[in-house]
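S.K.: My file is target.cif. It has mmCIF, N, CA and C atoms:
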data_model
#
loop_
_atom_site.label_atom_id
_atom_site.label_comp_id
_atom_site.auth_asym_id
_atom_site.auth_seq_id
_atom_site.Cartn_x
_atom_site.Cartn_y
_atom_site.Cartn_z
N MET A 1 0.84 -1.17 0.00
CA MET A 1 0.00 0.00 0.00
C MET A 1 0.89 1.23 0.00
N SER A 2 0.62 2.15 -0.91
CA SER A 2 1.42 3.36 -1.00
C SER A 2 1.11 4.28 0.19
N GLN A 3 1.95 5.29 0.37
CA GLN A 3 1.75 6.25 1.47
C GLN A 3 0.41 6.98 1.30
N ASP A 4 0.06 7.35 0.05
CA ASP A 4 -1.22 8.03 -0.20
C ASP A 4 -2.40 7.13 0.13
N GLN A 5 -2.30 5.87 -0.25
CA GLN A 5 -3.37 4.92 0.05
C GLN A 5 -3.51 4.72 1.55
N GLN A 6 -2.37 4.65 2.25
CA GLN A 6 -2.40 4.47 3.71
C GLN A 6 -3.03 5.69 4.37
N THR A 7 -2.68 6.90 3.90
CA THR A 7 -3.28 8.12 4.44
C THR A 7 -4.78 8.11 4.22
N THR A 8 -5.21 7.73 3.02
CA THR A 8 -6.63 7.67 2.70
C THR A 8 -7.33 6.64 3.59
N ALA A 9 -6.74 5.48 3.78
CA ALA A 9 -7.32 4.44 4.62
C ALA A 9 -7.43 4.92 6.07
N THR A 10 -6.39 5.57 6.58
CA THR A 10 -6.41 6.08 7.95
C THR A 10 -7.48 7.15 8.10
N GLN A 11 -7.57 8.03 7.12
CA GLN A 11 -8.58 9.09 7.15
C GLN A 11 -9.99 8.49 7.11
N LEU A 12 -10.22 7.52 6.22
CA LEU A 12 -11.52 6.89 6.11
C LEU A 12 -11.90 6.20 7.42
N GLN A 13 -10.98 5.47 8.02
CA GLN A 13 -11.28 4.79 9.29
C GLN A 13 -11.63 5.81 10.36
N SER A 14 -10.92 6.92 10.40
CA SER A 14 -11.22 7.98 11.36
C SER A 14 -12.62 8.54 11.12
N GLU A 15 -12.97 8.75 9.87
CA GLU A 15 -14.30 9.26 9.54
C GLU A 15 -15.39 8.26 9.97
N LEU A 16 -15.16 6.98 9.71
CA LEU A 16 -16.16 5.96 10.06
C LEU A 16 -16.38 5.89 11.56
N ASN A 17 -15.33 6.11 12.34
CA ASN A 17 -15.44 6.06 13.79
C ASN A 17 -16.32 7.20 14.34
N GLN A 18 -16.57 8.22 13.53
CA GLN A 18 -17.39 9.35 13.97
C GLN A 18 -18.89 9.05 13.92
N PHE A 19 -19.27 7.98 13.23
CA PHE A 19 -20.68 7.63 13.12
C PHE A 19 -21.09 6.84 14.37
N THR A 20 -22.06 7.39 15.10
CA THR A 20 -22.43 6.79 16.39
C THR A 20 -23.92 6.50 16.51
N GLY A 21 -24.63 6.54 15.43
CA GLY A 21 -26.06 6.23 15.48
C GLY A 21 -26.89 7.40 14.99
N ASP A 22 -27.93 7.07 14.30
CA ASP A 22 -28.74 8.08 13.63
C ASP A 22 -30.07 7.44 13.26
N LEU A 23 -31.10 8.21 13.12
CA LEU A 23 -32.39 7.67 12.73
C LEU A 23 -32.58 7.64 11.22
N GLU A 24 -31.70 8.32 10.49
CA GLU A 24 -31.80 8.35 9.03
C GLU A 24 -31.43 6.98 8.46
N ARG A 25 -32.15 6.56 7.41
CA ARG A 25 -31.87 5.28 6.76
C ARG A 25 -31.97 5.44 5.25
N TYR A 26 -31.24 4.59 4.55
CA TYR A 26 -31.30 4.48 3.10
C TYR A 26 -31.83 3.10 2.77
N ARG A 27 -32.69 3.01 1.77
CA ARG A 27 -33.25 1.71 1.39
C ARG A 27 -32.49 1.18 0.18
N HIS A 28 -32.14 -0.10 0.22
CA HIS A 28 -31.45 -0.73 -0.90
C HIS A 28 -32.41 -0.79 -2.09
N ASN A 29 -31.90 -0.53 -3.27
CA ASN A 29 -32.75 -0.47 -4.46
C ASN A 29 -33.33 -1.81 -4.89
N LEU A 30 -32.58 -2.88 -4.71
CA LEU A 30 -33.03 -4.19 -5.20
C LEU A 30 -33.65 -5.05 -4.11
N ASN A 31 -33.04 -5.09 -2.95
CA ASN A 31 -33.60 -5.85 -1.84
C ASN A 31 -34.26 -4.84 -0.89
N ARG A 32 -35.54 -4.63 -1.05
CA ARG A 32 -36.26 -3.59 -0.32
C ARG A 32 -36.37 -3.87 1.17
N ARG A 33 -36.01 -5.09 1.60
CA ARG A 33 -36.01 -5.41 3.03
C ARG A 33 -34.70 -5.00 3.70
N VAL A 34 -33.78 -4.42 2.93
CA VAL A 34 -32.49 -4.00 3.47
C VAL A 34 -32.44 -2.47 3.49
N ILE A 35 -32.16 -1.95 4.69
CA ILE A 35 -31.91 -0.52 4.84
C ILE A 35 -30.53 -0.36 5.46
N TYR A 36 -29.95 0.82 5.35
CA TYR A 36 -28.63 1.02 5.92
C TYR A 36 -28.47 2.44 6.43
N THR A 37 -27.53 2.58 7.33
CA THR A 37 -27.32 3.82 8.07
C THR A 37 -26.43 4.80 7.30
N PRO A 38 -26.36 6.04 7.79
CA PRO A 38 -25.46 7.02 7.19
C PRO A 38 -23.98 6.58 7.23
N GLY A 39 -23.60 5.82 8.25
CA GLY A 39 -22.22 5.34 8.31
C GLY A 39 -21.90 4.38 7.18
N VAL A 40 -22.81 3.45 6.90
CA VAL A 40 -22.61 2.51 5.80
C VAL A 40 -22.67 3.26 4.46
N GLN A 41 -23.56 4.23 4.36
CA GLN A 41 -23.63 5.06 3.15
C GLN A 41 -22.30 5.79 2.93
N HIS A 42 -21.75 6.35 3.99
CA HIS A 42 -20.47 7.08 3.90
C HIS A 42 -19.35 6.13 3.47
N LEU A 43 -19.33 4.95 4.06
CA LEU A 43 -18.33 3.94 3.69
C LEU A 43 -18.42 3.64 2.20
N ALA A 44 -19.62 3.37 1.73
CA ALA A 44 -19.81 3.02 0.31
C ALA A 44 -19.40 4.17 -0.60
N GLU A 45 -19.77 5.38 -0.22
CA GLU A 45 -19.46 6.54 -1.04
C GLU A 45 -17.96 6.83 -1.08
N ARG A 46 -17.33 6.90 0.08
CA ARG A 46 -15.91 7.27 0.15
C ARG A 46 -14.98 6.16 -0.36
N ALA A 47 -15.39 4.91 -0.19
CA ALA A 47 -14.53 3.80 -0.62
C ALA A 47 -14.90 3.29 -2.01
N GLY A 48 -15.89 3.91 -2.64
CA GLY A 48 -16.34 3.41 -3.94
C GLY A 48 -16.83 1.98 -3.82
N ALA A 49 -17.59 1.71 -2.75
CA ALA A 49 -17.92 0.32 -2.43
C ALA A 49 -19.42 0.08 -2.25
N TYR A 50 -20.21 0.67 -3.13
CA TYR A 50 -21.64 0.32 -3.10
C TYR A 50 -21.81 -1.18 -3.38
N TRP A 51 -20.83 -1.76 -4.06
CA TRP A 51 -20.87 -3.20 -4.33
C TRP A 51 -20.88 -4.01 -3.03
N LEU A 52 -20.30 -3.46 -1.96
CA LEU A 52 -20.28 -4.18 -0.69
C LEU A 52 -21.69 -4.25 -0.10
N ILE A 53 -22.43 -3.15 -0.16
CA ILE A 53 -23.83 -3.16 0.28
C ILE A 53 -24.61 -4.14 -0.59
N ASP A 54 -24.38 -4.09 -1.90
CA ASP A 54 -25.07 -5.00 -2.82
C ASP A 54 -24.77 -6.46 -2.49
N ALA A 55 -23.51 -6.76 -2.16
CA ALA A 55 -23.13 -8.14 -1.85
C ALA A 55 -23.89 -8.65 -0.63
N VAL A 56 -23.91 -7.85 0.44
CA VAL A 56 -24.62 -8.27 1.65
C VAL A 56 -26.12 -8.40 1.36
N ALA A 57 -26.67 -7.38 0.68
CA ALA A 57 -28.11 -7.39 0.36
C ALA A 57 -28.48 -8.58 -0.52
N SER A 58 -27.57 -9.00 -1.40
CA SER A 58 -27.89 -10.12 -2.28
C SER A 58 -27.97 -11.44 -1.51
N TRP A 59 -27.25 -11.55 -0.40
CA TRP A 59 -27.32 -12.76 0.42
C TRP A 59 -28.57 -12.79 1.29
N ILE A 60 -29.01 -11.62 1.74
CA ILE A 60 -30.16 -11.56 2.65
C ILE A 60 -31.42 -12.01 1.91
N GLY A 61 -32.03 -13.05 2.41
CA GLY A 61 -33.22 -13.63 1.79
C GLY A 61 -32.94 -14.77 0.84
N SER A 62 -31.65 -15.04 0.57
CA SER A 62 -31.30 -16.15 -0.32
C SER A 62 -31.60 -17.48 0.37
N ASP A 63 -31.63 -18.55 -0.39
CA ASP A 63 -31.90 -19.88 0.17
C ASP A 63 -30.88 -20.25 1.24
N SER A 64 -29.58 -20.01 0.97
CA SER A 64 -28.56 -20.38 1.95
C SER A 64 -28.65 -19.51 3.21
N PHE A 65 -29.01 -18.27 3.05
CA PHE A 65 -29.22 -17.36 4.17
C PHE A 65 -30.39 -17.85 5.03
N ASN A 66 -31.51 -18.13 4.39
CA ASN A 66 -32.69 -18.59 5.12
C ASN A 66 -32.45 -19.92 5.83
N GLU A 67 -31.69 -20.80 5.21
CA GLU A 67 -31.35 -22.08 5.84
C GLU A 67 -30.50 -21.85 7.08
N ALA A 68 -29.53 -20.93 7.00
CA ALA A 68 -28.70 -20.62 8.16
C ALA A 68 -29.54 -20.05 9.30
N LEU A 69 -30.51 -19.21 8.99
CA LEU A 69 -31.41 -18.65 10.01
C LEU A 69 -32.24 -19.75 10.66
N ARG A 70 -32.64 -20.72 9.87
CA ARG A 70 -33.44 -21.83 10.40
C ARG A 70 -32.60 -22.66 11.37
N LEU A 71 -31.32 -22.84 11.07
CA LEU A 71 -30.45 -23.69 11.88
C LEU A 71 -29.89 -22.99 13.13
N ASP A 72 -29.80 -21.66 13.10
CA ASP A 72 -29.23 -20.91 14.23
C ASP A 72 -30.08 -19.68 14.47
N GLU A 73 -30.94 -19.74 15.48
CA GLU A 73 -31.89 -18.65 15.69
C GLU A 73 -31.22 -17.34 16.10
N ARG A 74 -29.95 -17.37 16.54
CA ARG A 74 -29.24 -16.12 16.83
C ARG A 74 -29.18 -15.23 15.59
N LEU A 75 -29.09 -15.87 14.42
CA LEU A 75 -28.97 -15.14 13.16
C LEU A 75 -30.25 -14.40 12.78
N GLN A 76 -31.34 -14.75 13.40
CA GLN A 76 -32.62 -14.14 13.07
C GLN A 76 -32.73 -12.69 13.54
N SER A 77 -31.83 -12.30 14.45
CA SER A 77 -31.88 -10.92 14.94
C SER A 77 -30.61 -10.12 14.69
N LEU A 78 -29.44 -10.78 14.65
CA LEU A 78 -28.18 -10.05 14.50
C LEU A 78 -27.12 -10.93 13.84
N GLN A 79 -26.40 -10.31 12.91
CA GLN A 79 -25.31 -11.00 12.22
C GLN A 79 -24.13 -10.06 12.08
N PHE A 80 -22.95 -10.64 11.94
CA PHE A 80 -21.73 -9.87 11.84
C PHE A 80 -21.04 -10.20 10.51
N TRP A 81 -21.01 -9.22 9.63
CA TRP A 81 -20.39 -9.36 8.32
C TRP A 81 -19.03 -8.69 8.34
N GLU A 82 -18.06 -9.30 7.66
CA GLU A 82 -16.72 -8.72 7.60
C GLU A 82 -16.15 -8.88 6.20
N LEU A 83 -15.57 -7.80 5.72
CA LEU A 83 -14.79 -7.86 4.49
C LEU A 83 -13.33 -7.80 4.89
N ALA A 84 -12.58 -8.84 4.57
CA ALA A 84 -11.14 -8.89 4.86
C ALA A 84 -10.40 -8.84 3.53
N VAL A 85 -9.53 -7.86 3.40
CA VAL A 85 -8.83 -7.61 2.14
C VAL A 85 -7.41 -8.16 2.20
N ASP A 86 -7.02 -8.84 1.15
CA ASP A 86 -5.64 -9.28 0.96
C ASP A 86 -5.00 -8.26 0.01
N ALA A 87 -4.30 -7.28 0.58
CA ALA A 87 -3.76 -6.17 -0.20
C ALA A 87 -2.75 -6.63 -1.24
N GLU A 88 -2.00 -7.67 -0.93
CA GLU A 88 -0.98 -8.16 -1.86
C GLU A 88 -1.62 -8.70 -3.14
N ASN A 89 -2.69 -9.47 -2.99
CA ASN A 89 -3.37 -10.06 -4.15
C ASN A 89 -4.52 -9.20 -4.66
N ARG A 90 -4.82 -8.11 -3.92
CA ARG A 90 -5.93 -7.20 -4.28
C ARG A 90 -7.25 -7.96 -4.40
N SER A 91 -7.43 -8.90 -3.48
CA SER A 91 -8.67 -9.68 -3.42
C SER A 91 -9.23 -9.55 -2.01
N ALA A 92 -10.39 -10.14 -1.79
CA ALA A 92 -11.02 -10.05 -0.47
C ALA A 92 -11.93 -11.24 -0.26
N VAL A 93 -12.34 -11.40 0.99
CA VAL A 93 -13.32 -12.41 1.36
C VAL A 93 -14.36 -11.73 2.24
N LEU A 94 -15.62 -11.91 1.86
CA LEU A 94 -16.74 -11.42 2.65
C LEU A 94 -17.31 -12.60 3.41
N THR A 95 -17.42 -12.47 4.74
CA THR A 95 -17.99 -13.55 5.55
C THR A 95 -19.07 -12.99 6.47
N ALA A 96 -19.95 -13.87 6.90
CA ALA A 96 -20.97 -13.53 7.89
C ALA A 96 -20.99 -14.60 8.95
N VAL A 97 -21.02 -14.19 10.21
CA VAL A 97 -21.03 -15.12 11.33
C VAL A 97 -22.12 -14.73 12.32
N SER A 98 -22.45 -15.68 13.18
CA SER A 98 -23.44 -15.42 14.22
C SER A 98 -22.81 -14.81 15.46
N ASP A 99 -21.51 -15.05 15.64
CA ASP A 99 -20.80 -14.52 16.81
C ASP A 99 -19.30 -14.70 16.59
N LYS A 100 -18.52 -13.94 17.30
CA LYS A 100 -17.06 -14.03 17.19
C LYS A 100 -16.61 -15.46 17.47
N GLY A 101 -15.72 -15.97 16.63
CA GLY A 101 -15.19 -17.31 16.81
C GLY A 101 -16.05 -18.42 16.20
N GLU A 102 -17.23 -18.06 15.73
CA GLU A 102 -18.11 -19.04 15.09
C GLU A 102 -17.72 -19.19 13.62
N PRO A 103 -17.97 -20.36 13.02
CA PRO A 103 -17.67 -20.51 11.60
C PRO A 103 -18.64 -19.66 10.76
N PRO A 104 -18.18 -19.17 9.62
CA PRO A 104 -19.07 -18.36 8.78
C PRO A 104 -20.22 -19.19 8.21
N PHE A 105 -21.38 -18.56 8.12
CA PHE A 105 -22.50 -19.20 7.45
C PHE A 105 -22.61 -18.70 6.01
N ILE A 106 -21.90 -17.62 5.69
CA ILE A 106 -21.77 -17.10 4.33
C ILE A 106 -20.30 -16.80 4.10
N THR A 107 -19.78 -17.22 2.96
CA THR A 107 -18.42 -16.86 2.54
C THR A 107 -18.47 -16.54 1.05
N GLN A 108 -18.00 -15.36 0.70
CA GLN A 108 -17.94 -14.98 -0.71
C GLN A 108 -16.55 -14.45 -1.02
N ARG A 109 -15.91 -15.05 -1.99
CA ARG A 109 -14.59 -14.58 -2.42
C ARG A 109 -14.77 -13.47 -3.45
N ILE A 110 -14.00 -12.40 -3.27
CA ILE A 110 -14.03 -11.26 -4.18
C ILE A 110 -12.67 -11.29 -4.91
N PRO A 111 -12.66 -11.64 -6.20
CA PRO A 111 -11.38 -11.84 -6.88
C PRO A 111 -10.54 -10.58 -7.07
N PHE A 112 -11.19 -9.42 -7.12
CA PHE A 112 -10.43 -8.17 -7.25
C PHE A 112 -11.14 -7.06 -6.51
N THR A 113 -10.35 -6.27 -5.78
CA THR A 113 -10.89 -5.08 -5.13
C THR A 113 -9.79 -4.05 -4.93
N ASP A 114 -10.21 -2.80 -4.95
CA ASP A 114 -9.31 -1.71 -4.58
C ASP A 114 -9.81 -1.06 -3.29
N PHE A 115 -10.57 -1.82 -2.51
CA PHE A 115 -11.10 -1.34 -1.25
C PHE A 115 -9.94 -0.84 -0.38
N PRO A 116 -10.05 0.36 0.19
CA PRO A 116 -8.89 0.98 0.83
C PRO A 116 -8.53 0.46 2.23
N LEU A 117 -9.45 -0.20 2.92
CA LEU A 117 -9.17 -0.68 4.27
C LEU A 117 -8.78 -2.15 4.26
N ASP A 118 -8.00 -2.57 5.25
CA ASP A 118 -7.62 -3.98 5.37
C ASP A 118 -8.83 -4.84 5.71
N ARG A 119 -9.75 -4.26 6.48
CA ARG A 119 -10.95 -4.97 6.87
C ARG A 119 -11.99 -3.96 7.31
N VAL A 120 -13.23 -4.38 7.22
CA VAL A 120 -14.33 -3.57 7.72
C VAL A 120 -15.44 -4.51 8.18
N GLU A 121 -16.11 -4.12 9.25
CA GLU A 121 -17.25 -4.88 9.75
C GLU A 121 -18.53 -4.10 9.47
N ILE A 122 -19.54 -4.83 9.08
CA ILE A 122 -20.89 -4.29 8.96
C ILE A 122 -21.79 -5.26 9.70
N TRP A 123 -22.57 -4.74 10.62
CA TRP A 123 -23.49 -5.57 11.37
C TRP A 123 -24.86 -5.46 10.74
N ALA A 124 -25.62 -6.53 10.80
CA ALA A 124 -26.98 -6.56 10.25
C ALA A 124 -27.94 -6.97 11.35
N GLY A 125 -28.88 -6.09 11.63
CA GLY A 125 -29.88 -6.37 12.66
C GLY A 125 -31.27 -6.39 12.05
N PHE A 126 -32.11 -7.29 12.54
CA PHE A 126 -33.47 -7.42 12.03
C PHE A 126 -34.45 -6.88 13.05
N ASP A 127 -35.36 -6.01 12.62
CA ASP A 127 -36.32 -5.39 13.53
C ASP A 127 -37.72 -5.99 13.39
N GLY A 128 -37.83 -7.11 12.69
CA GLY A 128 -39.13 -7.73 12.45
C GLY A 128 -39.70 -7.38 11.09
N ARG A 129 -39.11 -6.37 10.47
CA ARG A 129 -39.57 -5.93 9.15
C ARG A 129 -38.41 -5.75 8.16
N ASN A 130 -37.36 -5.07 8.61
CA ASN A 130 -36.21 -4.77 7.76
C ASN A 130 -34.91 -5.26 8.38
N TRP A 131 -33.96 -5.55 7.50
CA TRP A 131 -32.59 -5.79 7.93
C TRP A 131 -31.87 -4.46 7.83
N THR A 132 -31.28 -4.00 8.93
CA THR A 132 -30.55 -2.74 8.94
C THR A 132 -29.05 -3.04 8.98
N LEU A 133 -28.32 -2.52 8.00
CA LEU A 133 -26.87 -2.64 7.96
C LEU A 133 -26.29 -1.41 8.64
N TYR A 134 -25.35 -1.62 9.56
CA TYR A 134 -24.76 -0.49 10.27
C TYR A 134 -23.33 -0.81 10.69
N LEU A 135 -22.58 0.23 10.98
CA LEU A 135 -21.21 0.08 11.46
C LEU A 135 -21.25 -0.26 12.94
N PRO A 136 -20.25 -0.98 13.46
CA PRO A 136 -20.23 -1.28 14.89
C PRO A 136 -20.32 -0.02 15.77
N SER A 137 -19.72 1.08 15.33
CA SER A 137 -19.78 2.32 16.11
C SER A 137 -21.18 2.90 16.19
N GLU A 138 -22.07 2.44 15.29
CA GLU A 138 -23.44 2.94 15.27
C GLU A 138 -24.38 2.09 16.13
N HIS A 139 -23.85 1.06 16.77
CA HIS A 139 -24.69 0.14 17.56
C HIS A 139 -25.16 0.82 18.84
#
Could you express the structure from this file as structure tokens?

M.R.:
Amino acid sequence: MSQDQQTTATQLQSELNQFTGDLERYRHNLNRRVIYTPGVQHLAERAGAYWLIDAVASWIGSDSFNEALRLDERLQSLQFWELAVDAENRSAVLTAVSDKGEPPFITQRIPFTDFPLDRVEIWAGFDGRNWTLYLPSEH
């Protein structure tokens, strides 16, 4: 990672840490049951990563997602998604787990990315109607 990229990543992480909760929400265009917070919107905008919201939203409601919810009721209310970037190969892996240390119930390999952070977490909470994607600092 170049010095400019590192500065940008540090700045973005600092910006993301400023999001601490808000009532404003954005609705996903394709999966209408997915809404997301200003922090996730900022992440997508600044990192050029609307594809990350799309990736999570595409899993929500899928057959494998619904099967995981059936098998582990913890997933019915809260999930922890993480994008881990391999900067050397410029690839990433998106995973979703029910809790720290648990095996992922979703794993998606991303063959190429220019995502600026080494990793980012997005939490997904269900309110009985919508899945809300938010940053841990917004919890």

S.K.: Between A:Thr8, A:Gln13, A:Asn29, A:Ser64, which one has atoms that come closest to Phe105 of chain A, using all atoms listed in the file?

M.R.: A:Ser64

S.K.: What is the distance, in Å and to one decimal place, between atom N of Thr37 of chain A and atom CA of Leu117 of chain A?

M.R.: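 These two atoms are separated by 18.9 Å.
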
S.K.: Could you tell me, as a ChimeraX atom specification, which residues of segment 35-87 of chain A DSSP assigns to strand (DSSP E) when given the backbone?

M.R.: /A:35-36,78-86

S.K.: Take the selection from the previous step and output its residues with N, CA and C atoms, as a PDB file, keeping the file's coordinate frame.

M.R.:
ATOM      1  N   ILE A  35     -32.160  -1.950   4.690  1.00  0.00           N
ATOM      2  CA  ILE A  35     -31.910  -0.520   4.840  1.00  0.00           C
ATOM      3  C   ILE A  35     -30.530  -0.360   5.460  1.00  0.00           C
ATOM      4  N   TYR A  36     -29.950   0.820   5.350  1.00  0.00           N
ATOM      5  CA  TYR A  36     -28.630   1.020   5.920  1.00  0.00           C
ATOM      6  C   TYR A  36     -28.470   2.440   6.430  1.00  0.00           C
ATOM      7  N   LEU A  78     -29.440 -10.780  14.650  1.00  0.00           N
ATOM      8  CA  LEU A  78     -28.180 -10.050  14.500  1.00  0.00           C
ATOM      9  C   LEU A  78     -27.120 -10.930  13.840  1.00  0.00           C
ATOM     10  N   GLN A  79     -26.400 -10.310  12.910  1.00  0.00           N
ATOM     11  CA  GLN A  79     -25.310 -11.000  12.220  1.00  0.00           C
ATOM     12  C   GLN A  79     -24.130 -10.060  12.080  1.00  0.00           C
ATOM     13  N   PHE A  80     -22.950 -10.640  11.940  1.00  0.00           N
ATOM     14  CA  PHE A  80     -21.730  -9.870  11.840  1.00  0.00           C
ATOM     15  C   PHE A  80     -21.040 -10.200  10.510  1.00  0.00           C
ATOM     16  N   TRP A  81     -21.010  -9.220   9.630  1.00  0.00           N
ATOM     17  CA  TRP A  81     -20.390  -9.360   8.320  1.00  0.00           C
ATOM     18  C   TRP A  81     -19.030  -8.690   8.340  1.00  0.00           C
ATOM     19  N   GLU A  82     -18.060  -9.300   7.660  1.00  0.00           N
ATOM     20  CA  GLU A  82     -16.720  -8.720   7.600  1.00  0.00           C
ATOM     21  C   GLU A  82     -16.150  -8.880   6.200  1.00  0.00           C
ATOM     22  N   LEU A  83     -15.570  -7.800   5.720  1.00  0.00           N
ATOM     23  CA  LEU A  83     -14.790  -7.860   4.490  1.00  0.00           C
ATOM     24  C   LEU A  83     -13.330  -7.800   4.890  1.00  0.00           C
ATOM     25  N   ALA A  84     -12.580  -8.840   4.570  1.00  0.00           N
ATOM     26  CA  ALA A  84     -11.140  -8.890   4.860  1.00  0.00           C
ATOM     27  C   ALA A  84     -10.400  -8.840   3.530  1.00  0.00           C
ATOM     28  N   VAL A  85      -9.530  -7.860   3.400  1.00  0.00           N
ATOM     29  CA  VAL A  85      -8.830  -7.610   2.140  1.00  0.00           C
ATOM     30  C   VAL A  85      -7.410  -8.160   2.200  1.00  0.00           C
ATOM     31  N   ASP A  86      -7.020  -8.840   1.150  1.00  0.00           N
ATOM     32  CA  ASP A  86      -5.640  -9.280   0.960  1.00  0.00           C
ATOM     33  C   ASP A  86      -5.000  -8.260   0.010  1.00  0.00           C
TER      34      ASP A  86
END

S.K.: With the file shown as input, list the residues that the PyMOL selection byres (((chain A and resi 18-27 and name CA) around 7) and name CA) selects, as a list in words.

M.R.: Ser14, Glu15, Leu16, Asn17, His28, Asn29, Arg32, Val34, Ile35, Tyr36, Thr37, Pro38, Gly39, Ser137, Glu138 and His139 of chain A

S.K.: What does the distance from atom CA of Val56 of chain A to atom CA of Ile122 of chain A come to in Å, to one decimal?

M.R.: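 Computing the Euclidean distance for atom CA of Val56 of chain A and atom CA of Ile122 of chain A yields 9.1 Å.
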
S.K.: For the provided coordinates, the residues matched by the PyMOL selection byres ((chain A and resi 75-87) around 7) should be stated as number ranges by chain.

M.R.: A: 1, 68-69, 72-74, 88-99, 117-127

S.K.: Just the helix (DSSP H, G or I) stuff from chain A, please, per backbone DSSP, written as an MDAnalysis selection string.

M.R.: chainID A and resid 3:17 38:47 50:59 63:71 73:76 136:138

S.K.: What is the atom N of Arg46 of chain A-atom C of Tyr134 of chain A distance in Å, reported with one decimal?

M.R.: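 Going from atom N of Arg46 of chain A over to atom C of Tyr134 of chain A, I get 14.4 Å.
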
S.K.: Using only C-alpha atoms, find the one residue out of A:Leu52, A:Leu71, A:Ile106, A:Ala57 that sits nearest to Thr132 of chain A.

M.R.: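 Answer, going by the shortest atom-to-atom distance: A:Ala57.
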
S.K.: Using all atoms listed in the file for the distances, tell me which of A:Ser58, A:Thr107, A:Thr113, A:Asn130 is nearest to Arg33 of chain A.

M.R.: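 Among A:Ser58, A:Thr107, A:Thr113, A:Asn130, it is A:Asn130 that comes nearest to Arg33 of chain A.
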
S.K.: My list of candidates is A:Ala47, A:Ile53, A:Ile60, A:Leu30. Which is closest to Trp131 of chain A when distances are computed with only C-alpha atoms?

M.R.: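 So, comparing all the options, the nearest one is A:Ile60.
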
S.K.: Name the residues, using the chain letters and numbers of the file, that sit within 9 Å of (-13.4, 1.6, -4.6) when counting only C-alpha atoms, and give them as a ChimeraX atom specification.

M.R.: /A:44-51,113-116
